[in-house]
Structures are given as C-alpha cells and as structure tokens.
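Okay, structure first, notes after.
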Amino acid sequence: MKNYIFKYGFMVASILFLFVNFIACGSQFYQVTMEDDFQEDRLSEEALDPKSTQYGIHSLNGWHELPINFRFGENLNAVQKKALITAMKSWESAVGQTLFNYKGIHTGVNGDSFGDLYSSLDDRINGHYLDGDWGKTKKPTVVLATAIWDNLSTDRSQIASADLRFNNENYLLGDSLVMLATDEKEVVDMESLALHELGHLIGLAHVDSKVDPNSIMNPHLYIGEGLTSRKISRGDIIRVQKIYGCEGAACDIDKMVQSIELSKTPG
C-alpha cells in the first residue's frame, strides 16, 4: 500500500513539474476572438440567420471577376507568402476552379504605407499587407488581422476589391509548428489565419460554432506554439459553393472532405 501511494505521489509530482515548466516556457494556449476582423455591420439579415440558405455568406454573388488579381506587400517573408498561397489553394480546391491570380510584389508598399485601414482600398489593388503600426487601423491590439472590401457601385452584391491587413506589430505570424513565442509576442499560424481572412475576402461571413463547430469561419482562433487550424469544414465547402458553384471533383463533397482530412493529417 505504501509503495502504491509513493508511486502515485511521484507520478502526480512529475506531471505537475512538467506542466509548470511547460507554462514557464511560454507555450500557452489562447483562444482569440475574431469578431472585430470583419465588417459585421454590412451583413444582411439572411447572413445572420442560421435557418437561411444564405447564412454565413456576406456576398452571395462573390467577386465581379475571377480570378482575383492580388499582390503581396513588400515586407511579407517567404514563409508568410507560402502560407497565404497554401490557404488560397484550399479555397480553390473547395470549388474546383482558380480563384486567385498572383500579380507580384506591391513594390515599396506595406501596411504602414497607408494612413488608416480603409485607405488601402483606394488604389484598387487587392493587397495582402503586414502592419507594423497596427494603431493606424484603429482596430484593438488583440485583433490578429482584418479583411476589408468594396462592392461594385453598379451591383452592391458583388465584390470589386479587397485587402487583407495583418497585425505584425503585436504577433509573430508564421509557421506555428516551428516558431517560438517571445515574452512580448505570441505565435499565430499564418496559414490558419489566412484561411479565415481569405474566407471573408471571397464572400464568407462568420459562422457560429454552435452551427458548425469545425468551420474555419468560426469567430475565434486558437493561437500559440504548435497550434493550427488549417482545415475547412464540410459546411465551409457548401457555403463557398453557393457563391461560386463547383467544377469537377469539387462537386463530390464527401470525397472533398476525405481528401482534406488526409492531406492535413500529420506525418
């Protein structure tokens, strides 16, 4: 009996030791709200109603022209660019067609080149930018990124241009599987964040976790070392196909979901 108590006490002490050291090393788990990364005030009643066929869709007619030409801000690094491209391919796979077209670097321009958040839309270049001075956006410090867009003046149901702005001042944006947090900044997985923000860019709104707990469009994201959310859900596929339809293999949603699960399985 004494040996059993000793072994049990030793096991508990060992687990406690590991846990304390885990926290001390900065590897903490955070669930960050994404509520303020999106122009919620522009949503229709249908987009907010879970019973509606338009739920979770802010632009039922999507982009006025495909593919969406885009440029990278000049200070995005190779890892961040790769994460964005990978996230784009995930959305393209969901509809079976090309949605994005890379047009190069926006030379001499990054998020700090603009005086405020919405002025980046004025040049009609669909840019993906890092903001080193996040205060200019007037978004709270905790906001990871934001998607902004303009609609066509002749058809408000279609998207004319859009930008993504990423909070490079308060977070480390990259591959969370290899990056380490610092005392000042937590790690955010760029591919996971890009999947969510690109969802907004192509016409999707937030989806309540009670409606679709696996949706990348849930208004929260886990951040921290080793934490990723690099999958789109069956619901995400259904919603994006309501906007852009489907072609080829993408029309078989069951196979699409299986393919996503296999492709995102570690090892």
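In the structure tokens, chains take letters A, B, ... by order of appearance, with residues numbered from 1 within each chain and ligands from 1 in the order shown.
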
> What are the DSSP helix (DSSP H, G or I) residues of stretch 160-231 of chain A, as a ChimeraX atom specification?
Replying inline: /A:190-201

Can you spit out the residues from that selection as a PDB file, in the first residue's frame, using all heavy atoms?
```pdb
ATOM      1  N   MET A 190       0.150  31.412 -39.605  1.00  0.00           N
ATOM      2  CA  MET A 190      -0.253  32.262 -40.722  1.00  0.00           C
ATOM      3  C   MET A 190      -1.231  31.564 -41.665  1.00  0.00           C
ATOM      4  O   MET A 190      -2.187  32.185 -42.152  1.00  0.00           O
ATOM      5  CB  MET A 190       0.982  32.717 -41.503  1.00  0.00           C
ATOM      6  CG  MET A 190       0.710  33.745 -42.576  1.00  0.00           C
ATOM      7  SD  MET A 190       0.136  35.313 -41.884  1.00  0.00           S
ATOM      8  CE  MET A 190       0.359  36.427 -43.273  1.00  0.00           C
ATOM      9  N   GLU A 191      -1.029  30.280 -41.922  1.00  0.00           N
ATOM     10  CA  GLU A 191      -1.937  29.579 -42.824  1.00  0.00           C
ATOM     11  C   GLU A 191      -3.349  29.516 -42.239  1.00  0.00           C
ATOM     12  O   GLU A 191      -4.340  29.729 -42.941  1.00  0.00           O
ATOM     13  CB  GLU A 191      -1.442  28.169 -43.132  1.00  0.00           C
ATOM     14  CG  GLU A 191      -2.327  27.436 -44.128  1.00  0.00           C
ATOM     15  CD  GLU A 191      -1.876  26.021 -44.447  1.00  0.00           C
ATOM     16  OE1 GLU A 191      -0.688  25.697 -44.201  1.00  0.00           O
ATOM     17  OE2 GLU A 191      -2.707  25.224 -44.927  1.00  0.00           O
ATOM     18  N   SER A 192      -3.445  29.235 -40.944  1.00  0.00           N
ATOM     19  CA  SER A 192      -4.746  29.169 -40.279  1.00  0.00           C
ATOM     20  C   SER A 192      -5.444  30.526 -40.335  1.00  0.00           C
ATOM     21  O   SER A 192      -6.636  30.619 -40.663  1.00  0.00           O
ATOM     22  CB  SER A 192      -4.572  28.737 -38.823  1.00  0.00           C
ATOM     23  OG  SER A 192      -3.870  27.511 -38.725  1.00  0.00           O
ATOM     24  N   LEU A 193      -4.698  31.571 -40.019  1.00  0.00           N
ATOM     25  CA  LEU A 193      -5.252  32.915 -40.033  1.00  0.00           C
ATOM     26  C   LEU A 193      -5.643  33.327 -41.452  1.00  0.00           C
ATOM     27  O   LEU A 193      -6.714  33.915 -41.668  1.00  0.00           O
ATOM     28  CB  LEU A 193      -4.230  33.900 -39.458  1.00  0.00           C
ATOM     29  CG  LEU A 193      -4.627  35.375 -39.406  1.00  0.00           C
ATOM     30  CD1 LEU A 193      -5.900  35.574 -38.595  1.00  0.00           C
ATOM     31  CD2 LEU A 193      -3.480  36.210 -38.817  1.00  0.00           C
ATOM     32  N   ALA A 194      -4.793  33.001 -42.425  1.00  0.00           N
ATOM     33  CA  ALA A 194      -5.072  33.352 -43.822  1.00  0.00           C
ATOM     34  C   ALA A 194      -6.315  32.637 -44.341  1.00  0.00           C
ATOM     35  O   ALA A 194      -7.109  33.223 -45.083  1.00  0.00           O
ATOM     36  CB  ALA A 194      -3.866  33.018 -44.695  1.00  0.00           C
ATOM     37  N   LEU A 195      -6.504  31.371 -43.957  1.00  0.00           N
ATOM     38  CA  LEU A 195      -7.704  30.638 -44.371  1.00  0.00           C
ATOM     39  C   LEU A 195      -8.964  31.386 -43.942  1.00  0.00           C
ATOM     40  O   LEU A 195      -9.910  31.540 -44.722  1.00  0.00           O
ATOM     41  CB  LEU A 195      -7.711  29.241 -43.741  1.00  0.00           C
ATOM     42  CG  LEU A 195      -7.257  28.056 -44.563  1.00  0.00           C
ATOM     43  CD1 LEU A 195      -7.371  26.772 -43.734  1.00  0.00           C
ATOM     44  CD2 LEU A 195      -8.027  27.915 -45.869  1.00  0.00           C
ATOM     45  N   HIS A 196      -8.965  31.854 -42.706  1.00  0.00           N
ATOM     46  CA  HIS A 196     -10.125  32.578 -42.176  1.00  0.00           C
ATOM     47  C   HIS A 196     -10.323  33.899 -42.916  1.00  0.00           C
ATOM     48  O   HIS A 196     -11.424  34.207 -43.382  1.00  0.00           O
ATOM     49  CB  HIS A 196      -9.930  32.830 -40.685  1.00  0.00           C
ATOM     50  CG  HIS A 196     -11.062  33.563 -40.033  1.00  0.00           C
ATOM     51  ND1 HIS A 196     -12.081  32.915 -39.368  1.00  0.00           N
ATOM     52  CD2 HIS A 196     -11.342  34.894 -39.951  1.00  0.00           C
ATOM     53  CE1 HIS A 196     -12.938  33.809 -38.894  1.00  0.00           C
ATOM     54  NE2 HIS A 196     -12.518  35.025 -39.236  1.00  0.00           N
ATOM     55  N   GLU A 197      -9.253  34.681 -43.030  1.00  0.00           N
ATOM     56  CA  GLU A 197      -9.376  36.003 -43.650  1.00  0.00           C
ATOM     57  C   GLU A 197      -9.696  35.905 -45.137  1.00  0.00           C
ATOM     58  O   GLU A 197     -10.462  36.717 -45.678  1.00  0.00           O
ATOM     59  CB  GLU A 197      -8.102  36.814 -43.426  1.00  0.00           C
ATOM     60  CG  GLU A 197      -7.778  37.113 -41.968  1.00  0.00           C
ATOM     61  CD  GLU A 197      -8.917  37.815 -41.237  1.00  0.00           C
ATOM     62  OE1 GLU A 197      -9.670  38.586 -41.866  1.00  0.00           O
ATOM     63  OE2 GLU A 197      -9.069  37.581 -40.025  1.00  0.00           O
ATOM     64  N   LEU A 198      -9.132  34.935 -45.829  1.00  0.00           N
ATOM     65  CA  LEU A 198      -9.457  34.737 -47.243  1.00  0.00           C
ATOM     66  C   LEU A 198     -10.915  34.318 -47.418  1.00  0.00           C
ATOM     67  O   LEU A 198     -11.544  34.640 -48.425  1.00  0.00           O
ATOM     68  CB  LEU A 198      -8.521  33.690 -47.859  1.00  0.00           C
ATOM     69  CG  LEU A 198      -7.083  34.146 -48.107  1.00  0.00           C
ATOM     70  CD1 LEU A 198      -6.190  32.943 -48.418  1.00  0.00           C
ATOM     71  CD2 LEU A 198      -7.010  35.159 -49.253  1.00  0.00           C
ATOM     72  N   GLY A 199     -11.436  33.600 -46.434  1.00  0.00           N
ATOM     73  CA  GLY A 199     -12.858  33.260 -46.461  1.00  0.00           C
ATOM     74  C   GLY A 199     -13.700  34.521 -46.522  1.00  0.00           C
ATOM     75  O   GLY A 199     -14.654  34.621 -47.308  1.00  0.00           O
ATOM     76  N   HIS A 200     -13.343  35.518 -45.696  1.00  0.00           N
ATOM     77  CA  HIS A 200     -14.042  36.797 -45.754  1.00  0.00           C
ATOM     78  C   HIS A 200     -13.848  37.455 -47.115  1.00  0.00           C
ATOM     79  O   HIS A 200     -14.795  37.987 -47.711  1.00  0.00           O
ATOM     80  CB  HIS A 200     -13.514  37.745 -44.672  1.00  0.00           C
ATOM     81  CG  HIS A 200     -13.909  37.380 -43.285  1.00  0.00           C
ATOM     82  ND1 HIS A 200     -15.175  36.945 -42.949  1.00  0.00           N
ATOM     83  CD2 HIS A 200     -13.203  37.412 -42.115  1.00  0.00           C
ATOM     84  CE1 HIS A 200     -15.236  36.733 -41.636  1.00  0.00           C
ATOM     85  NE2 HIS A 200     -14.055  36.990 -41.114  1.00  0.00           N
ATOM     86  N   LEU A 201     -12.620  37.425 -47.606  1.00  0.00           N
ATOM     87  CA  LEU A 201     -12.292  38.099 -48.862  1.00  0.00           C
ATOM     88  C   LEU A 201     -13.108  37.573 -50.032  1.00  0.00           C
ATOM     89  O   LEU A 201     -13.498  38.329 -50.923  1.00  0.00           O
ATOM     90  CB  LEU A 201     -10.790  37.965 -49.137  1.00  0.00           C
ATOM     91  CG  LEU A 201     -10.219  38.717 -50.330  1.00  0.00           C
ATOM     92  CD1 LEU A 201      -8.824  39.242 -50.036  1.00  0.00           C
ATOM     93  CD2 LEU A 201     -10.161  37.842 -51.583  1.00  0.00           C
TER      94      LEU A 201
END
```

>> List as a list in words the protein and nucleic acid residues near A:Arg124, meaning an atom at most 12 Å away when only C-alpha atoms are counted, but skip any in the same chain fewer than 4 places from it.
In response: Ile68, Asn69, Phe70, Arg71, His106, Tyr118, Ser119, Ser120, Ile148, Trp149, Asp150, Asn151, Leu152, Ile159, Ala160, Ser161, Ala162 and Asp163 of chain A

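Closest approach to A:Gln97 among A:Leu66, A:Leu43, A:Val178, A:Leu262: A:Leu66, based on only C-alpha atoms.
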
Per-residue nearest contacts of stretch 132-203 of chain A to stretch 225-242 of chain A (7 Å; only C-alpha atoms) as CSV:
```
residue,atom,partner,partner_atom,distance
A:Ser176,CA,A:Gly226,CA,5.0
A:Leu177,CA,A:Gly226,CA,4.4
A:Met179,CA,A:Glu225,CA,6.6
A:Leu180,CA,A:Glu225,CA,6.2
A:Ala181,CA,A:Glu225,CA,6.8
A:Val187,CA,A:Glu225,CA,5.8
A:Asp189,CA,A:Thr228,CA,5.9
A:Glu191,CA,A:Arg230,CA,6.4
A:Ser192,CA,A:Arg230,CA,4.9
```

>> Using only C-alpha atoms for the distances, tell me which of A:Phe166, A:Trp63, A:Trp91, A:Tyr171 is nearest to A:Gly111.
In response: A:Phe166

> Separation of atom CA of A:Glu261 and atom CA of A:Ala83, in Å?
Replying inline: 18.1 Å
